[in-house]
Amino acid sequence: MSLITDSGELAAHCQSFAQYAYVTVDTEFLRETTFWPKVCVIQLACEDSAIAIDALAQDIDLSPFFELMANKDVVKVFHAARQDIEIVWHLAKIVPAPLFDTQVAAMVCGYGDQIAYGELAQSISKVTVDKSSRFTDWSRRPLTDAQIDYAIADVTHLRDIYKALRQRLERAGRLHWLTDEMATLSNPETYQQSPERAWERHAHRARKPRDLAVLMELTAWREHEAQSRDVPRSRVLKDDILFEVALAAPRDVETLGGLRAFPRGMERSRAGAEILAAIERGLARDPKSLPKFERERRGGGAGATVELLKVLLRQVAEKQGVAAKMIATADELDLLAADDRADIPALKGWRRELFGAKALQLKHGRLALSVENNRVVTLEWHEVHDEDEPAEEEPAEDRAATS
């Protein structure tokens, strides 16, 4: 057990960790009552040691930790890195790099979509992770020995997981498959909570351009309010109420207050006035200035194509031992069904080699799906030319199975 509460001691440890090729990192935080995550404990491990940093210790300076996160010579290893990186970005405007996310790596190694840390530790390290402190209040002091041991275990087991996954990826020649995902995690834009982009999470709720215009203004208002007050979005206005207001687009206090789910009395508050102003801004938007409005209007043929692409994706994923989500998402399949040149990862790089090229063949009748002994197989068609006969096609079976 090693809990660091002193700035000098932290600086010494971070200086030591900087001599290693990699460090494993985890955080314990709270965000139930805040917009921004409140970091309470930071865990670090190198090949030979591990520490827990009390981020709430009086007068502790976390600068040495941030310097380590920015050190380009040290790989930073996380499991499900996004929230941990968001914390570092919010506190220091630093994105740890270079990165290795073991959850993403596990997807490439065939462990399925978004495998939990405990399952991965059990599978690779044959250890059962203690979950007794999983839902503890990490902001309470003093921390118990059990809490500290639990926190440090998260980064010590992560060392073995990292080494095993990296070795598998290198042996299979797949290490470069992580490049796109690590680039996304390393991009500061991933963590910038811009109010003007808050609508993107809810665009599917809009029924028509006017709804989208109002929704854009309302979500921007709520995001700004939540950030400035440092409270969860739901404390400002819950999602279902926000969507009801956006679709109804009331233009006066009485109509706003008359909405069934709208909090009683809020319509006459400062927030109520700001909501009405946001609605007016939305209604005044030029429809031509809106982002391209794409509603789901697939015909039967396009819908059938998507379903076939899903079957092909699963077949390829199981044959290659890669999580299907790592190759293509459901949204990407929709785009691919509509456009052979869709700007999606599935049509680029190793994903195109594995799946994208076959998907295009399937769309254009150059690849067929069949079932043999309860297993899906693909039938690829090749042209056979004969001097005396017209060109014809014969099937060549690619019997890659899927359950």
# chains A, B, ... in the order shown; residues from 1 in each chain; ligands from 1
$ closest_atom_pairs --of "segment 84-161 of chain A" --to "segment 183-196 of chain A" --cutoff "12 Å" --atoms "only C-alpha atoms" --output "JSON lines"
{"residue": "A:Asp84", "atom": "CA", "partner": "A:Tyr191", "partner_atom": "CA", "distance": 10.7}
{"residue": "A:Ile85", "atom": "CA", "partner": "A:Leu185", "partner_atom": "CA", "distance": 8.0}
{"residue": "A:Glu86", "atom": "CA", "partner": "A:Tyr191", "partner_atom": "CA", "distance": 5.7}
{"residue": "A:Ile87", "atom": "CA", "partner": "A:Tyr191", "partner_atom": "CA", "distance": 9.1}
{"residue": "A:Val88", "atom": "CA", "partner": "A:Tyr191", "partner_atom": "CA", "distance": 9.9}
{"residue": "A:Trp89", "atom": "CA", "partner": "A:Tyr191", "partner_atom": "CA", "distance": 7.1}
{"residue": "A:His90", "atom": "CA", "partner": "A:Tyr191", "partner_atom": "CA", "distance": 8.1}
{"residue": "A:Leu91", "atom": "CA", "partner": "A:Tyr191", "partner_atom": "CA", "distance": 11.7}
{"residue": "A:Ala92", "atom": "CA", "partner": "A:Pro188", "partner_atom": "CA", "distance": 11.6}
{"residue": "A:Lys93", "atom": "CA", "partner": "A:Pro188", "partner_atom": "CA", "distance": 8.2}
{"residue": "A:Ile94", "atom": "CA", "partner": "A:Pro188", "partner_atom": "CA", "distance": 8.0}
{"residue": "A:Val95", "atom": "CA", "partner": "A:Ser186", "partner_atom": "CA", "distance": 5.9}
{"residue": "A:Pro96", "atom": "CA", "partner": "A:Ser186", "partner_atom": "CA", "distance": 7.1}
{"residue": "A:Ala97", "atom": "CA", "partner": "A:Ser186", "partner_atom": "CA", "distance": 6.7}
{"residue": "A:Pro98", "atom": "CA", "partner": "A:Ser186", "partner_atom": "CA", "distance": 7.9}
{"residue": "A:Leu99", "atom": "CA", "partner": "A:Ser186", "partner_atom": "CA", "distance": 7.3}
{"residue": "A:Phe100", "atom": "CA", "partner": "A:Leu185", "partner_atom": "CA", "distance": 9.5}
{"residue": "A:Asp101", "atom": "CA", "partner": "A:Leu185", "partner_atom": "CA", "distance": 9.0}
{"residue": "A:Val104", "atom": "CA", "partner": "A:Leu185", "partner_atom": "CA", "distance": 10.7}
$ residues_around --residues "segment 152-164 of chain A" --least-positions-apart "2" --cutoff "7 Å" --atoms "only C-alpha atoms" --output "list in words"
Thr24, Val25, Asp26, Gln43, Leu44, Ala45, Ala50, Ile51, Ala52, Thr102, Ala121, Ile124, Ser125, Ile148, Asp149, Tyr150, Arg166, Gln167 and Arg168 of chain A
$ residues_around --residues "Ala302 of chain A" --least-positions-apart "4" --cutoff "9 Å" --atoms "only C-alpha atoms" --output "list in words"
Arg298, Val306, Glu307, Asp334, Ala337 and Ala338 of chain A
$ closest_residue --among "A:Gln320, A:Glu170, A:Ser269, A:Leu312" --to "Lys358 of chain A" --atoms "only C-alpha atoms"
A:Leu312
$ select_by_dssp --residues "segment 37-154 of chain A" --states "strand (DSSP E)" --output "list of chain:residue names"
A:Lys38, A:Val39, A:Cys40, A:Val41, A:Ile42, A:Gln43, A:Leu44, A:Ala45, A:Ala50, A:Ile51, A:Ala52, A:Ile53, A:Asp54, A:Val75, A:Lys76, A:Val77, A:Phe78, A:Leu99, A:Phe100, A:Asp101
$ write_last_selection --atoms "N, CA, C and O atoms" --output "PDB file, in the first residue's frame"
ATOM      1  N   LYS A  38     -15.119  14.930 -10.669  1.00  0.00           N
ATOM      2  CA  LYS A  38     -14.282  15.352  -9.542  1.00  0.00           C
ATOM      3  C   LYS A  38     -13.318  14.215  -9.228  1.00  0.00           C
ATOM      4  O   LYS A  38     -13.713  13.181  -8.673  1.00  0.00           O
ATOM      5  N   VAL A  39     -12.052  14.380  -9.575  1.00  0.00           N
ATOM      6  CA  VAL A  39     -11.079  13.317  -9.354  1.00  0.00           C
ATOM      7  C   VAL A  39     -10.709  13.251  -7.880  1.00  0.00           C
ATOM      8  O   VAL A  39     -10.454  14.281  -7.244  1.00  0.00           O
ATOM      9  N   CYS A  40     -10.709  12.045  -7.355  1.00  0.00           N
ATOM     10  CA  CYS A  40     -10.418  11.845  -5.940  1.00  0.00           C
ATOM     11  C   CYS A  40      -9.103  11.096  -5.723  1.00  0.00           C
ATOM     12  O   CYS A  40      -8.340  11.419  -4.809  1.00  0.00           O
ATOM     13  N   VAL A  41      -8.862  10.090  -6.557  1.00  0.00           N
ATOM     14  CA  VAL A  41      -7.652   9.280  -6.437  1.00  0.00           C
ATOM     15  C   VAL A  41      -7.130   9.008  -7.841  1.00  0.00           C
ATOM     16  O   VAL A  41      -7.909   8.772  -8.770  1.00  0.00           O
ATOM     17  N   ILE A  42      -5.818   9.049  -7.991  1.00  0.00           N
ATOM     18  CA  ILE A  42      -5.159   8.702  -9.250  1.00  0.00           C
ATOM     19  C   ILE A  42      -4.186   7.568  -8.962  1.00  0.00           C
ATOM     20  O   ILE A  42      -3.390   7.649  -8.023  1.00  0.00           O
ATOM     21  N   GLN A  43      -4.252   6.502  -9.758  1.00  0.00           N
ATOM     22  CA  GLN A  43      -3.371   5.358  -9.573  1.00  0.00           C
ATOM     23  C   GLN A  43      -2.393   5.257 -10.731  1.00  0.00           C
ATOM     24  O   GLN A  43      -2.756   5.456 -11.891  1.00  0.00           O
ATOM     25  N   LEU A  44      -1.150   4.923 -10.396  1.00  0.00           N
ATOM     26  CA  LEU A  44      -0.082   4.750 -11.379  1.00  0.00           C
ATOM     27  C   LEU A  44       0.720   3.496 -11.044  1.00  0.00           C
ATOM     28  O   LEU A  44       0.951   3.200  -9.863  1.00  0.00           O
ATOM     29  N   ALA A  45       1.156   2.803 -12.083  1.00  0.00           N
ATOM     30  CA  ALA A  45       2.056   1.673 -11.874  1.00  0.00           C
ATOM     31  C   ALA A  45       3.043   1.602 -13.031  1.00  0.00           C
ATOM     32  O   ALA A  45       2.679   1.848 -14.181  1.00  0.00           O
ATOM     33  N   ALA A  50       3.953   0.643  -7.725  1.00  0.00           N
ATOM     34  CA  ALA A  50       2.603   1.186  -7.941  1.00  0.00           C
ATOM     35  C   ALA A  50       2.254   2.119  -6.799  1.00  0.00           C
ATOM     36  O   ALA A  50       2.648   1.887  -5.644  1.00  0.00           O
ATOM     37  N   ILE A  51       1.521   3.188  -7.119  1.00  0.00           N
ATOM     38  CA  ILE A  51       1.130   4.159  -6.102  1.00  0.00           C
ATOM     39  C   ILE A  51      -0.310   4.606  -6.334  1.00  0.00           C
ATOM     40  O   ILE A  51      -0.850   4.481  -7.433  1.00  0.00           O
ATOM     41  N   ALA A  52      -0.910   5.124  -5.283  1.00  0.00           N
ATOM     42  CA  ALA A  52      -2.193   5.821  -5.373  1.00  0.00           C
ATOM     43  C   ALA A  52      -1.953   7.249  -4.911  1.00  0.00           C
ATOM     44  O   ALA A  52      -1.294   7.485  -3.888  1.00  0.00           O
ATOM     45  N   ILE A  53      -2.455   8.200  -5.666  1.00  0.00           N
ATOM     46  CA  ILE A  53      -2.258   9.619  -5.356  1.00  0.00           C
ATOM     47  C   ILE A  53      -3.564  10.174  -4.793  1.00  0.00           C
ATOM     48  O   ILE A  53      -4.617  10.057  -5.424  1.00  0.00           O
ATOM     49  N   ASP A  54      -3.486  10.768  -3.622  1.00  0.00           N
ATOM     50  CA  ASP A  54      -4.665  11.408  -3.034  1.00  0.00           C
ATOM     51  C   ASP A  54      -4.837  12.775  -3.689  1.00  0.00           C
ATOM     52  O   ASP A  54      -4.204  13.755  -3.289  1.00  0.00           O
ATOM     53  N   VAL A  75       4.532   5.223 -22.785  1.00  0.00           N
ATOM     54  CA  VAL A  75       3.179   4.828 -23.189  1.00  0.00           C
ATOM     55  C   VAL A  75       2.278   4.844 -21.959  1.00  0.00           C
ATOM     56  O   VAL A  75       2.625   4.291 -20.911  1.00  0.00           O
ATOM     57  N   LYS A  76       1.116   5.492 -22.099  1.00  0.00           N
ATOM     58  CA  LYS A  76       0.143   5.526 -21.018  1.00  0.00           C
ATOM     59  C   LYS A  76      -0.949   4.482 -21.290  1.00  0.00           C
ATOM     60  O   LYS A  76      -1.632   4.552 -22.307  1.00  0.00           O
ATOM     61  N   VAL A  77      -1.081   3.531 -20.384  1.00  0.00           N
ATOM     62  CA  VAL A  77      -1.997   2.408 -20.567  1.00  0.00           C
ATOM     63  C   VAL A  77      -3.225   2.596 -19.685  1.00  0.00           C
ATOM     64  O   VAL A  77      -3.114   2.745 -18.466  1.00  0.00           O
ATOM     65  N   PHE A  78      -4.400   2.612 -20.311  1.00  0.00           N
ATOM     66  CA  PHE A  78      -5.671   2.731 -19.602  1.00  0.00           C
ATOM     67  C   PHE A  78      -6.571   1.559 -19.998  1.00  0.00           C
ATOM     68  O   PHE A  78      -6.348   0.918 -21.026  1.00  0.00           O
ATOM     69  N   LEU A  99      -0.889   6.582 -26.277  1.00  0.00           N
ATOM     70  CA  LEU A  99      -1.933   5.877 -25.537  1.00  0.00           C
ATOM     71  C   LEU A  99      -2.021   4.409 -25.933  1.00  0.00           C
ATOM     72  O   LEU A  99      -1.706   4.041 -27.064  1.00  0.00           O
ATOM     73  N   PHE A 100      -2.484   3.606 -24.990  1.00  0.00           N
ATOM     74  CA  PHE A 100      -2.858   2.222 -25.278  1.00  0.00           C
ATOM     75  C   PHE A 100      -4.068   1.915 -24.416  1.00  0.00           C
ATOM     76  O   PHE A 100      -3.975   1.939 -23.192  1.00  0.00           O
ATOM     77  N   ASP A 101      -5.199   1.657 -25.052  1.00  0.00           N
ATOM     78  CA  ASP A 101      -6.438   1.348 -24.335  1.00  0.00           C
ATOM     79  C   ASP A 101      -6.656  -0.162 -24.403  1.00  0.00           C
ATOM     80  O   ASP A 101      -6.888  -0.720 -25.478  1.00  0.00           O
TER      81      ASP A 101
END
$ closest_residue --among "A:Ile279, A:Ala206, A:Val236, A:Ala346" --to "Asp180 of chain A" --atoms "only C-alpha atoms"
A:Ala346
$ closest_residue --among "A:Pro64, A:Gly282, A:Gly303, A:Pro250" --to "Ala220 of chain A" --atoms "only C-alpha atoms"
A:Gly282
$ closest_residue --among "A:Arg134, A:His176, A:Arg141, A:His364" --to "Ala105 of chain A" --atoms "only C-alpha atoms"
A:His176
$ residues_around --residues "Asp61 of chain A" --least-positions-apart "4" --cutoff "9 Å" --atoms "only C-alpha atoms" --output "JSON, numbers by chain"
{"A": [6, 7, 8, 10, 11, 55, 65]}
$ atom_distance --atom1 "atom CA of Gly173 of chain A" --atom2 "atom CA of Lys310 of chain A"
25.8 Å
$ atom_distance --atom1 "atom CA of Pro287 of chain A" --atom2 "atom CA of Leu215 of chain A"
13.1 Å
$ residues_around --residues "Val108 of chain A" --least-positions-apart "2" --cutoff "8 Å" --atoms "only C-alpha atoms" --output "NGL selection string"
:A and (104-106 or 110-111 or 169 or 174 or 177-178 or 321-323 or 326)
$ write_last_selection --atoms "N, CA and C atoms" --output "short mmCIF file (atom, residue, chain, number, x, y, z; two decimals), in the first residue's frame"
data_model
loop_
_atom_site.label_atom_id
_atom_site.label_comp_id
_atom_site.auth_asym_id
_atom_site.auth_seq_id
_atom_site.Cartn_x
_atom_site.Cartn_y
_atom_site.Cartn_z
N VAL A 104 -9.99 -1.41 -26.03
CA VAL A 104 -9.96 -1.40 -27.49
C VAL A 104 -9.10 -2.55 -28.00
N ALA A 105 -7.94 -2.74 -27.40
CA ALA A 105 -7.05 -3.82 -27.82
C ALA A 105 -7.73 -5.18 -27.66
N ALA A 106 -8.50 -5.33 -26.60
CA ALA A 106 -9.21 -6.59 -26.38
C ALA A 106 -10.24 -6.85 -27.47
N GLY A 110 -10.46 -10.26 -30.05
CA GLY A 110 -11.59 -11.19 -30.02
C GLY A 110 -12.29 -11.35 -28.69
N TYR A 111 -12.15 -10.38 -27.79
CA TYR A 111 -12.81 -10.47 -26.49
C TYR A 111 -14.21 -9.87 -26.48
N LEU A 169 -1.14 -8.79 -30.24
CA LEU A 169 -1.29 -7.90 -31.40
C LEU A 169 -0.04 -7.89 -32.26
N ARG A 174 -1.26 -7.03 -35.86
CA ARG A 174 -2.46 -6.19 -35.78
C ARG A 174 -2.27 -4.95 -34.91
N TRP A 177 -3.73 -1.81 -36.10
CA TRP A 177 -5.19 -1.71 -36.17
C TRP A 177 -5.75 -0.76 -35.11
N LEU A 178 -4.97 -0.49 -34.07
CA LEU A 178 -5.43 0.40 -33.00
C LEU A 178 -5.24 1.88 -33.34
N GLY A 321 -11.81 -13.15 -35.51
CA GLY A 321 -11.61 -12.99 -34.07
C GLY A 321 -11.52 -11.55 -33.63
N VAL A 322 -12.37 -10.70 -34.21
CA VAL A 322 -12.38 -9.28 -33.89
C VAL A 322 -13.81 -8.89 -33.52
N ALA A 323 -13.98 -8.04 -32.53
CA ALA A 323 -15.32 -7.57 -32.19
C ALA A 323 -15.94 -6.85 -33.38
N MET A 326 -15.75 -3.15 -33.65
CA MET A 326 -14.44 -2.60 -34.00
C MET A 326 -14.30 -2.42 -35.51
#
$ residues_around --residues "Leu308 of chain A" --least-positions-apart "3" --cutoff "12 Å" --atoms "only C-alpha atoms" --output "VMD selection string"
chain A and resid 301 to 305 311 to 315 333 to 334 336 to 337 358 to 363 365 367 to 370 376 378
$ atom_distance --atom1 "atom CA of Ile327 of chain A" --atom2 "atom CA of Gln122 of chain A"
25.3 Å
